file protein-v3.pdb (PDB, C-alpha atoms)
ATOM      1  CA  ARG A   1     -14.046  79.682 -45.092
ATOM      2  CA  GLY A   2     -12.416  82.877 -43.865
ATOM      3  CA  LEU A   3      -8.955  81.536 -44.623
ATOM      4  CA  ARG A   4      -9.991  80.415 -48.121
ATOM      5  CA  GLU A   5     -11.478  83.856 -48.793
ATOM      6  CA  ALA A   6      -8.296  85.619 -47.595
ATOM      7  CA  ILE A   7      -6.096  83.351 -49.743
ATOM      8  CA  ALA A   8      -8.389  83.988 -52.706
ATOM      9  CA  ARG A   9      -8.120  87.768 -52.283
ATOM     10  CA  LEU A  10      -4.338  87.639 -51.929
ATOM     11  CA  ASN A  11      -3.889  85.438 -55.016
ATOM     12  CA  ALA A  12      -6.775  86.624 -57.235
ATOM     13  CA  LEU A  13      -8.479  83.214 -57.026
ATOM     14  CA  ASP A  14     -11.993  81.917 -56.589
ATOM     15  CA  ALA A  15     -12.354  80.814 -52.941
ATOM     16  CA  SER A  16     -14.473  77.850 -54.009
ATOM     17  CA  ARG A  17     -11.411  76.529 -55.869
ATOM     18  CA  ILE A  18      -9.246  76.439 -52.728
ATOM     19  CA  VAL A  19      -8.895  73.596 -50.262
ATOM     20  CA  CYS A  20      -6.977  73.949 -46.997
ATOM     21  CA  GLY A  21      -5.196  71.180 -45.190
ATOM     22  CA  THR A  22      -2.958  70.302 -42.304
ATOM     23  CA  GLY A  23       0.099  71.591 -44.111
ATOM     24  CA  SER A  24       0.668  70.983 -47.785
ATOM     25  CA  ASP A  25       1.798  67.458 -46.817
ATOM     26  CA  GLU A  26      -1.817  66.493 -46.142
ATOM     27  CA  LEU A  27      -2.866  67.855 -49.527
ATOM     28  CA  LEU A  28      -0.051  66.018 -51.339
ATOM     29  CA  ASN A  29      -1.153  62.798 -49.656
ATOM     30  CA  LEU A  30      -4.803  63.463 -50.505
ATOM     31  CA  ALA A  31      -3.898  64.006 -54.162
ATOM     32  CA  ALA A  32      -2.180  60.622 -54.313
ATOM     33  CA  GLN A  33      -5.021  58.912 -52.453
ATOM     34  CA  ALA A  34      -7.649  60.490 -54.688
ATOM     35  CA  TYR A  35      -6.030  59.714 -58.022
ATOM     36  CA  ALA A  36      -3.814  56.655 -57.512
ATOM     37  CA  GLY A  37      -4.004  53.254 -55.911
ATOM     38  CA  PRO A  38      -2.699  49.713 -56.257
ATOM     39  CA  GLY A  39      -1.400  49.084 -59.771
ATOM     40  CA  ASP A  40      -0.956  52.803 -60.480
ATOM     41  CA  GLU A  41       2.239  54.848 -60.588
ATOM     42  CA  VAL A  42       3.062  58.086 -58.788
ATOM     43  CA  MET A  43       6.026  59.877 -60.325
ATOM     44  CA  TYR A  44       8.512  62.398 -58.947
ATOM     45  CA  VAL A  45      12.066  63.577 -59.513
ATOM     46  CA  ARG A  46      15.033  62.047 -57.718
ATOM     47  CA  TYR A  47      16.153  64.490 -55.028
ATOM     48  CA  GLY A  48      12.559  65.624 -54.698
ATOM     49  CA  PHE A  49      10.513  66.091 -51.557
ATOM     50  CA  ALA A  50      10.437  62.887 -49.475
ATOM     51  CA  VAL A  51       6.652  63.077 -48.982
ATOM     52  CA  TYR A  52       6.023  62.104 -52.638
ATOM     53  CA  ASP A  53       7.388  58.588 -52.117
ATOM     54  CA  ILE A  54       5.476  58.290 -48.846
ATOM     55  CA  ALA A  55       2.236  59.476 -50.478
ATOM     56  CA  ALA A  56       2.614  56.905 -53.272
ATOM     57  CA  ARG A  57       3.251  54.033 -50.873
ATOM     58  CA  ARG A  58       0.507  55.154 -48.510
ATOM     59  CA  CYS A  59      -2.162  54.724 -51.193
ATOM     60  CA  GLY A  60      -0.680  51.461 -52.483
ATOM     61  CA  ALA A  61       0.649  52.951 -55.722
ATOM     62  CA  THR A  62       4.089  52.285 -57.150
ATOM     63  CA  PRO A  63       6.504  55.159 -56.569
ATOM     64  CA  VAL A  64       8.488  56.035 -59.706
ATOM     65  CA  GLU A  65      11.628  58.049 -59.087
ATOM     66  CA  VAL A  66      12.763  59.697 -62.330
ATOM     67  CA  PRO A  67      16.444  60.568 -62.776
ATOM     68  CA  ASP A  68      17.348  64.200 -62.295
ATOM     69  CA  ARG A  69      19.391  66.622 -64.370
ATOM     70  CA  ASP A  70      21.884  68.524 -62.229
ATOM     71  CA  TYR A  71      19.775  67.897 -59.092
ATOM     72  CA  GLY A  72      16.657  69.301 -60.746
ATOM     73  CA  ALA A  73      13.755  68.123 -62.861
ATOM     74  CA  ASP A  74      14.678  66.616 -66.210
ATOM     75  CA  ILE A  75      11.482  67.401 -68.119
ATOM     76  CA  ASP A  76      12.397  65.081 -71.002
ATOM     77  CA  ALA A  77      13.025  62.207 -68.569
ATOM     78  CA  LEU A  78       9.710  62.863 -66.824
ATOM     79  CA  ILE A  79       7.819  62.843 -70.115
ATOM     80  CA  ALA A  80       9.588  59.664 -71.247
ATOM     81  CA  ALA A  81       8.781  57.895 -67.950
ATOM     82  CA  VAL A  82       5.003  58.397 -68.198
ATOM     83  CA  THR A  83       3.123  55.143 -68.818
ATOM     84  CA  ASP A  84      -0.518  54.096 -68.959
ATOM     85  CA  ARG A  85      -0.212  53.393 -65.236
ATOM     86  CA  THR A  86       0.968  56.920 -64.334
ATOM     87  CA  LYS A  87      -1.770  58.716 -62.404
ATOM     88  CA  VAL A  88       0.032  61.470 -60.448
ATOM     89  CA  LEU A  89       3.186  63.437 -61.204
ATOM     90  CA  PHE A  90       4.611  65.564 -58.386
ATOM     91  CA  LEU A  91       6.866  68.482 -59.310
ATOM     92  CA  ALA A  92       8.251  70.788 -56.626
ATOM     93  CA  ASN A  93       9.145  74.083 -58.210
ATOM     94  CA  PRO A  94      11.443  75.374 -56.877
ATOM     95  CA  ASN A  95      12.562  71.899 -56.004
ATOM     96  CA  ASN A  96      12.765  70.846 -52.388
ATOM     97  CA  PRO A  97      15.464  70.219 -51.187
ATOM     98  CA  THR A  98      17.829  71.277 -54.014
ATOM     99  CA  GLY A  99      16.382  74.685 -54.889
ATOM    100  CA  THR A 100      16.566  74.084 -58.635
ATOM    101  CA  LEU A 101      13.895  75.701 -60.797
ATOM    102  CA  SER A 102      12.051  74.581 -63.918
ATOM    103  CA  SER A 103      11.057  77.465 -66.181
ATOM    104  CA  ALA A 104       7.510  78.350 -67.178
ATOM    105  CA  ALA A 105       8.252  77.014 -70.667
ATOM    106  CA  GLU A 106       9.456  73.685 -69.238
ATOM    107  CA  VAL A 107       6.427  73.320 -66.970
ATOM    108  CA  ALA A 108       4.082  74.156 -69.862
ATOM    109  CA  ARG A 109       5.868  71.609 -72.064
ATOM    110  CA  LEU A 110       5.559  68.955 -69.359
ATOM    111  CA  HIS A 111       1.870  69.650 -68.870
ATOM    112  CA  ALA A 112       1.193  69.606 -72.619
ATOM    113  CA  ALA A 113       2.878  66.202 -72.934
ATOM    114  CA  LEU A 114       0.859  64.586 -70.142
ATOM    115  CA  PRO A 115      -2.298  62.630 -70.846
ATOM    116  CA  SER A 116      -5.330  64.353 -69.332
ATOM    117  CA  SER A 117      -5.683  61.354 -67.012
ATOM    118  CA  VAL A 118      -2.453  62.284 -65.183
ATOM    119  CA  LEU A 119      -2.772  64.751 -62.322
ATOM    120  CA  LEU A 120       0.139  67.205 -62.360
ATOM    121  CA  VAL A 121       0.723  68.392 -58.802
ATOM    122  CA  LEU A 122       2.836  71.535 -58.697
ATOM    123  CA  ASP A 123       4.277  71.874 -55.214
ATOM    124  CA  HIS A 124       4.910  75.582 -54.733
ATOM    125  CA  ALA A 125       6.123  75.473 -51.126
ATOM    126  CA  TYR A 126       8.894  77.922 -51.997
ATOM    127  CA  ALA A 127       7.224  79.905 -54.809
ATOM    128  CA  GLU A 128       6.955  83.085 -52.748
ATOM    129  CA  TYR A 129      10.746  83.329 -52.801
ATOM    130  CA  LEU A 130      10.776  83.740 -56.595
ATOM    131  CA  SER A 131      10.661  86.971 -58.535
ATOM    132  CA  ASP A 132       7.780  87.529 -60.951
ATOM    133  CA  GLU A 133      10.102  86.643 -63.845
ATOM    134  CA  GLU A 134      10.980  83.310 -62.236
ATOM    135  CA  GLN A 135       7.373  82.140 -61.712
ATOM    136  CA  ASP A 136       6.597  78.907 -63.584
ATOM    137  CA  GLY A 137       3.052  79.653 -64.757
ATOM    138  CA  GLY A 138       1.637  77.074 -62.369
ATOM    139  CA  MET A 139      -1.031  79.352 -60.955
ATOM    140  CA  GLU A 140      -2.422  79.960 -64.444
ATOM    141  CA  LEU A 141      -2.317  76.215 -65.210
ATOM    142  CA  ALA A 142      -4.244  75.558 -61.992
ATOM    143  CA  ARG A 143      -6.830  78.130 -63.114
ATOM    144  CA  THR A 144      -7.260  76.756 -66.632
ATOM    145  CA  ALA A 145      -6.329  73.062 -66.753
ATOM    146  CA  SER A 146      -8.545  70.246 -65.544
ATOM    147  CA  ASN A 147      -5.598  68.098 -64.404
ATOM    148  CA  VAL A 148      -3.391  70.504 -62.415
ATOM    149  CA  LEU A 149      -3.319  70.958 -58.663
ATOM    150  CA  LEU A 150      -1.076  73.631 -57.166
ATOM    151  CA  THR A 151      -0.122  73.406 -53.494
ATOM    152  CA  ARG A 152       1.242  76.070 -51.162
ATOM    153  CA  THR A 153       2.167  76.214 -47.496
ATOM    154  CA  PHE A 154       2.361  78.776 -44.740
ATOM    155  CA  SER A 155       5.393  76.924 -43.316
ATOM    156  CA  LYS A 156       8.104  78.536 -45.394
ATOM    157  CA  ILE A 157       7.446  82.175 -46.270
ATOM    158  CA  TYR A 158       5.340  82.866 -43.180
ATOM    159  CA  GLY A 159       7.459  80.790 -40.781
ATOM    160  CA  LEU A 160       4.428  78.882 -39.501
ATOM    161  CA  ALA A 161       5.667  75.299 -39.819
ATOM    162  CA  GLY A 162       4.307  74.385 -36.388
ATOM    163  CA  GLU A 163       0.826  75.584 -37.321
ATOM    164  CA  ARG A 164       0.516  73.043 -40.198
ATOM    165  CA  VAL A 165      -1.471  75.161 -42.675
ATOM    166  CA  GLY A 166      -1.392  74.435 -46.376
ATOM    167  CA  TRP A 167      -3.671  75.127 -49.284
ATOM    168  CA  ALA A 168      -4.211  74.061 -52.848
ATOM    169  CA  THR A 169      -6.043  75.317 -55.894
ATOM    170  CA  GLY A 170      -7.133  73.673 -59.088
ATOM    171  CA  HIS A 171     -10.103  72.677 -61.186
ATOM    172  CA  PRO A 172     -13.385  72.551 -59.207
ATOM    173  CA  ASP A 173     -13.622  68.768 -59.735
ATOM    174  CA  ILE A 174     -10.168  68.238 -58.190
ATOM    175  CA  ILE A 175     -11.012  70.461 -55.217
ATOM    176  CA  ALA A 176     -14.332  68.651 -54.706
ATOM    177  CA  THR A 177     -12.563  65.290 -54.815
ATOM    178  CA  LEU A 178      -9.984  66.352 -52.216
ATOM    179  CA  ASN A 179     -12.704  67.779 -49.982
ATOM    180  CA  ARG A 180     -14.682  64.520 -50.155
ATOM    181  CA  ILE A 181     -11.656  62.513 -49.043
ATOM    182  CA  ARG A 182     -10.562  65.021 -46.417
TER     183      ARG A 182
END
call {"tool": "encode", "arguments": {"input": "protein-v3.pdb", "output": "structure tokens"}}
result
Amino acid sequence: RGLREAIARLNALDASRIVCGTGSDELLNLAAQAYAGPGDEVMYVRYGFAVYDIAARRCGATPVEVPDRDYGADIDALIAAVTDRTKVLFLANPNNPTGTLSSAAEVARLHAALPSSVLLVLDHAYAEYLSDEEQDGGMELARTASNVLLTRTFSKIYGLAGERVGWATGHPDIIATLNRIR
């Protein structure tokens, strides 16, 4: 509770809309487990974080690797790849491991094109390294949209990889679902 309250103060969030986990990896896995299963698809960009494929397979979903554009997210390709079976779309922004960045306009366009039944997981493991002008609007989407989960980690900016502390924010229903599974 103390950690959630401190994160909330630092990021101008409601502490009840924050869930902490054993690194952001746990939260990425929980998101896949909560929203996808056998017969469903979990989507991510080629050259994206390796945990996305693992999370999809771990919950029995089909991993869908979408072609990149210059080692980054191709928003048009992501939108075109969405099917009725798509349940979770992971987007690292900045991308891990390539460092490419999708703009706020691109992220907003992607979110607007997704059916409300698709959970958009914005992995912000490296967001603290961006200037204010480079931010992708993900925090505001997590505040206002019912199908966006934003994850962060203490591993990168705080150098606490060995401590395994991550957190996520999103709609109260998403947070409640992750807490039930956790």
call {"tool": "resolve_selection", "arguments": {"input": "protein-v3.pdb", "expression": "the PyMOL selection byres ((chain A and resi 103) around 9)", "output": "ChimeraX atom specification"}}
result
/A:93,101-102,104-108,134-137
call {"tool": "residues_near_point", "arguments": {"input": "protein-v3.pdb", "point": "(9.5, 58.6, -61.3)", "cutoff": "8 Å", "atoms": "all atoms listed in the file", "output": "PyMOL selection string"}}
result
chain A and resi 42-46+63-67+78+81+89
call {"tool": "resolve_selection", "arguments": {"input": "protein-v3.pdb", "expression": "the PyMOL selection byres ((chain A and resi 144) around 12)", "output": "list in words"}}
result
Leu13, Arg17, His111, Gly137, Gly138, Met139, Glu140, Leu141, Ala142, Arg143, Ala145, Ser146, Asn147, Val148, Leu149, Leu150, Thr169, Gly170, His171 and Pro172 of chain A
call {"tool": "write_last_selection", "arguments": {"input": "protein-v3.pdb", "atoms": "C-alpha atoms", "output": "PDB file, keeping the file's coordinate frame"}}
result
ATOM      1  CA  LEU A  13      -8.479  83.214 -57.026  1.00  0.00           C
ATOM      2  CA  ARG A  17     -11.411  76.529 -55.869  1.00  0.00           C
ATOM      3  CA  HIS A 111       1.870  69.650 -68.870  1.00  0.00           C
ATOM      4  CA  GLY A 137       3.052  79.653 -64.757  1.00  0.00           C
ATOM      5  CA  GLY A 138       1.637  77.074 -62.369  1.00  0.00           C
ATOM      6  CA  MET A 139      -1.031  79.352 -60.955  1.00  0.00           C
ATOM      7  CA  GLU A 140      -2.422  79.960 -64.444  1.00  0.00           C
ATOM      8  CA  LEU A 141      -2.317  76.215 -65.210  1.00  0.00           C
ATOM      9  CA  ALA A 142      -4.244  75.558 -61.992  1.00  0.00           C
ATOM     10  CA  ARG A 143      -6.830  78.130 -63.114  1.00  0.00           C
ATOM     11  CA  ALA A 145      -6.329  73.062 -66.753  1.00  0.00           C
ATOM     12  CA  SER A 146      -8.545  70.246 -65.544  1.00  0.00           C
ATOM     13  CA  ASN A 147      -5.598  68.098 -64.404  1.00  0.00           C
ATOM     14  CA  VAL A 148      -3.391  70.504 -62.415  1.00  0.00           C
ATOM     15  CA  LEU A 149      -3.319  70.958 -58.663  1.00  0.00           C
ATOM     16  CA  LEU A 150      -1.076  73.631 -57.166  1.00  0.00           C
ATOM     17  CA  THR A 169      -6.043  75.317 -55.894  1.00  0.00           C
ATOM     18  CA  GLY A 170      -7.133  73.673 -59.088  1.00  0.00           C
ATOM     19  CA  HIS A 171     -10.103  72.677 -61.186  1.00  0.00           C
ATOM     20  CA  PRO A 172     -13.385  72.551 -59.207  1.00  0.00           C
TER      21      PRO A 172
END
call {"tool": "atom_distance", "arguments": {"input": "protein-v3.pdb", "atom1": "CA of Arg58 in chain A", "atom2": "CA of Ser16 in chain A"}}
result
27.7 Å
call {"tool": "residues_around", "arguments": {"input": "protein-v3.pdb", "residues": "Gly48 in chain A", "least_positions_apart": "6", "cutoff": "8 Å", "atoms": "all atoms listed in the file", "output": "ChimeraX atom specification"}}
result
/A:91-92,95-98
call {"tool": "residues_around", "arguments": {"input": "protein-v3.pdb", "residues": "range 24-29 of chain A", "least_positions_apart": "3", "cutoff": "7 Å", "atoms": "only C-alpha atoms", "output": "list in words"}}
result
Gly21, Ala32, Gln33, Val51, Ala55, Thr151, Arg152, Thr153, Val165, Gly166 and Trp167 of chain A
call {"tool": "atom_distance", "arguments": {"input": "protein-v3.pdb", "atom1": "CA of Leu3 in chain A", "atom2": "CA of Asp132 in chain A"}}
result
24.1 Å
call {"tool": "closest_residue", "arguments": {"input": "protein-v3.pdb", "among": "A:Ile7, A:Ile79, A:Leu178, A:Val88", "to": "Ala112 in chain A", "atoms": "only C-alpha atoms"}}
result
A:Ile79
call {"tool": "closest_residue", "arguments": {"input": "protein-v3.pdb", "among": "A:Phe49, A:Arg85, A:Ala6, A:Ala12", "to": "Gly72 in chain A", "atoms": "only C-alpha atoms"}}
result
A:Phe49
call {"tool": "residues_around", "arguments": {"input": "protein-v3.pdb", "residues": "Gly37 in chain A", "least_positions_apart": "3", "cutoff": "9 Å", "atoms": "all atoms listed in the file", "output": "list in words"}}
result
Ala32, Gln33, Ala34, Asp40, Glu41, Ala56, Arg57, Arg58, Cys59, Gly60, Ala61, Thr62 and Lys87 of chain A
call {"tool": "write_last_selection", "arguments": {"input": "protein-v3.pdb", "atoms": "C-alpha atoms", "output": "tab-separated table (two decimals), in the coordinates of the input"}}
result
chain	number	residue	atom	x	y	z
A	32	ALA	CA	-2.18	60.62	-54.31
A	33	GLN	CA	-5.02	58.91	-52.45
A	34	ALA	CA	-7.65	60.49	-54.69
A	40	ASP	CA	-0.96	52.80	-60.48
A	41	GLU	CA	2.24	54.85	-60.59
A	56	ALA	CA	2.61	56.90	-53.27
A	57	ARG	CA	3.25	54.03	-50.87
A	58	ARG	CA	0.51	55.15	-48.51
A	59	CYS	CA	-2.16	54.72	-51.19
A	60	GLY	CA	-0.68	51.46	-52.48
A	61	ALA	CA	0.65	52.95	-55.72
A	62	THR	CA	4.09	52.28	-57.15
A	87	LYS	CA	-1.77	58.72	-62.40
call {"tool": "atom_distance", "arguments": {"input": "protein-v3.pdb", "atom1": "CA of Arg109 in chain A", "atom2": "CA of His124 in chain A"}}
result
17.8 Å
call {"tool": "axis_aligned_box", "arguments": {"input": "protein-v3.pdb", "around": "range 14-27 of chain A", "padding_each_side": "6 Å", "output": "lines of an AutoDock Vina configuration file"}}
result
center_x = -6.3
center_y = 74.2
center_z = -49.4
size_x = 28.3
size_y = 27.4
size_z = 26.3
call {"tool": "closest_residue", "arguments": {"input": "protein-v3.pdb", "among": "A:Phe154, A:Leu119, A:Asp173, A:Ala127", "to": "Tyr35 in chain A", "atoms": "all atoms listed in the file"}}
result
A:Leu119
call {"tool": "closest_residue", "arguments": {"input": "protein-v3.pdb", "among": "A:Asp76, A:Asn11, A:Thr86, A:Ala176", "to": "Pro38 in chain A", "atoms": "only C-alpha atoms"}}
result
A:Thr86
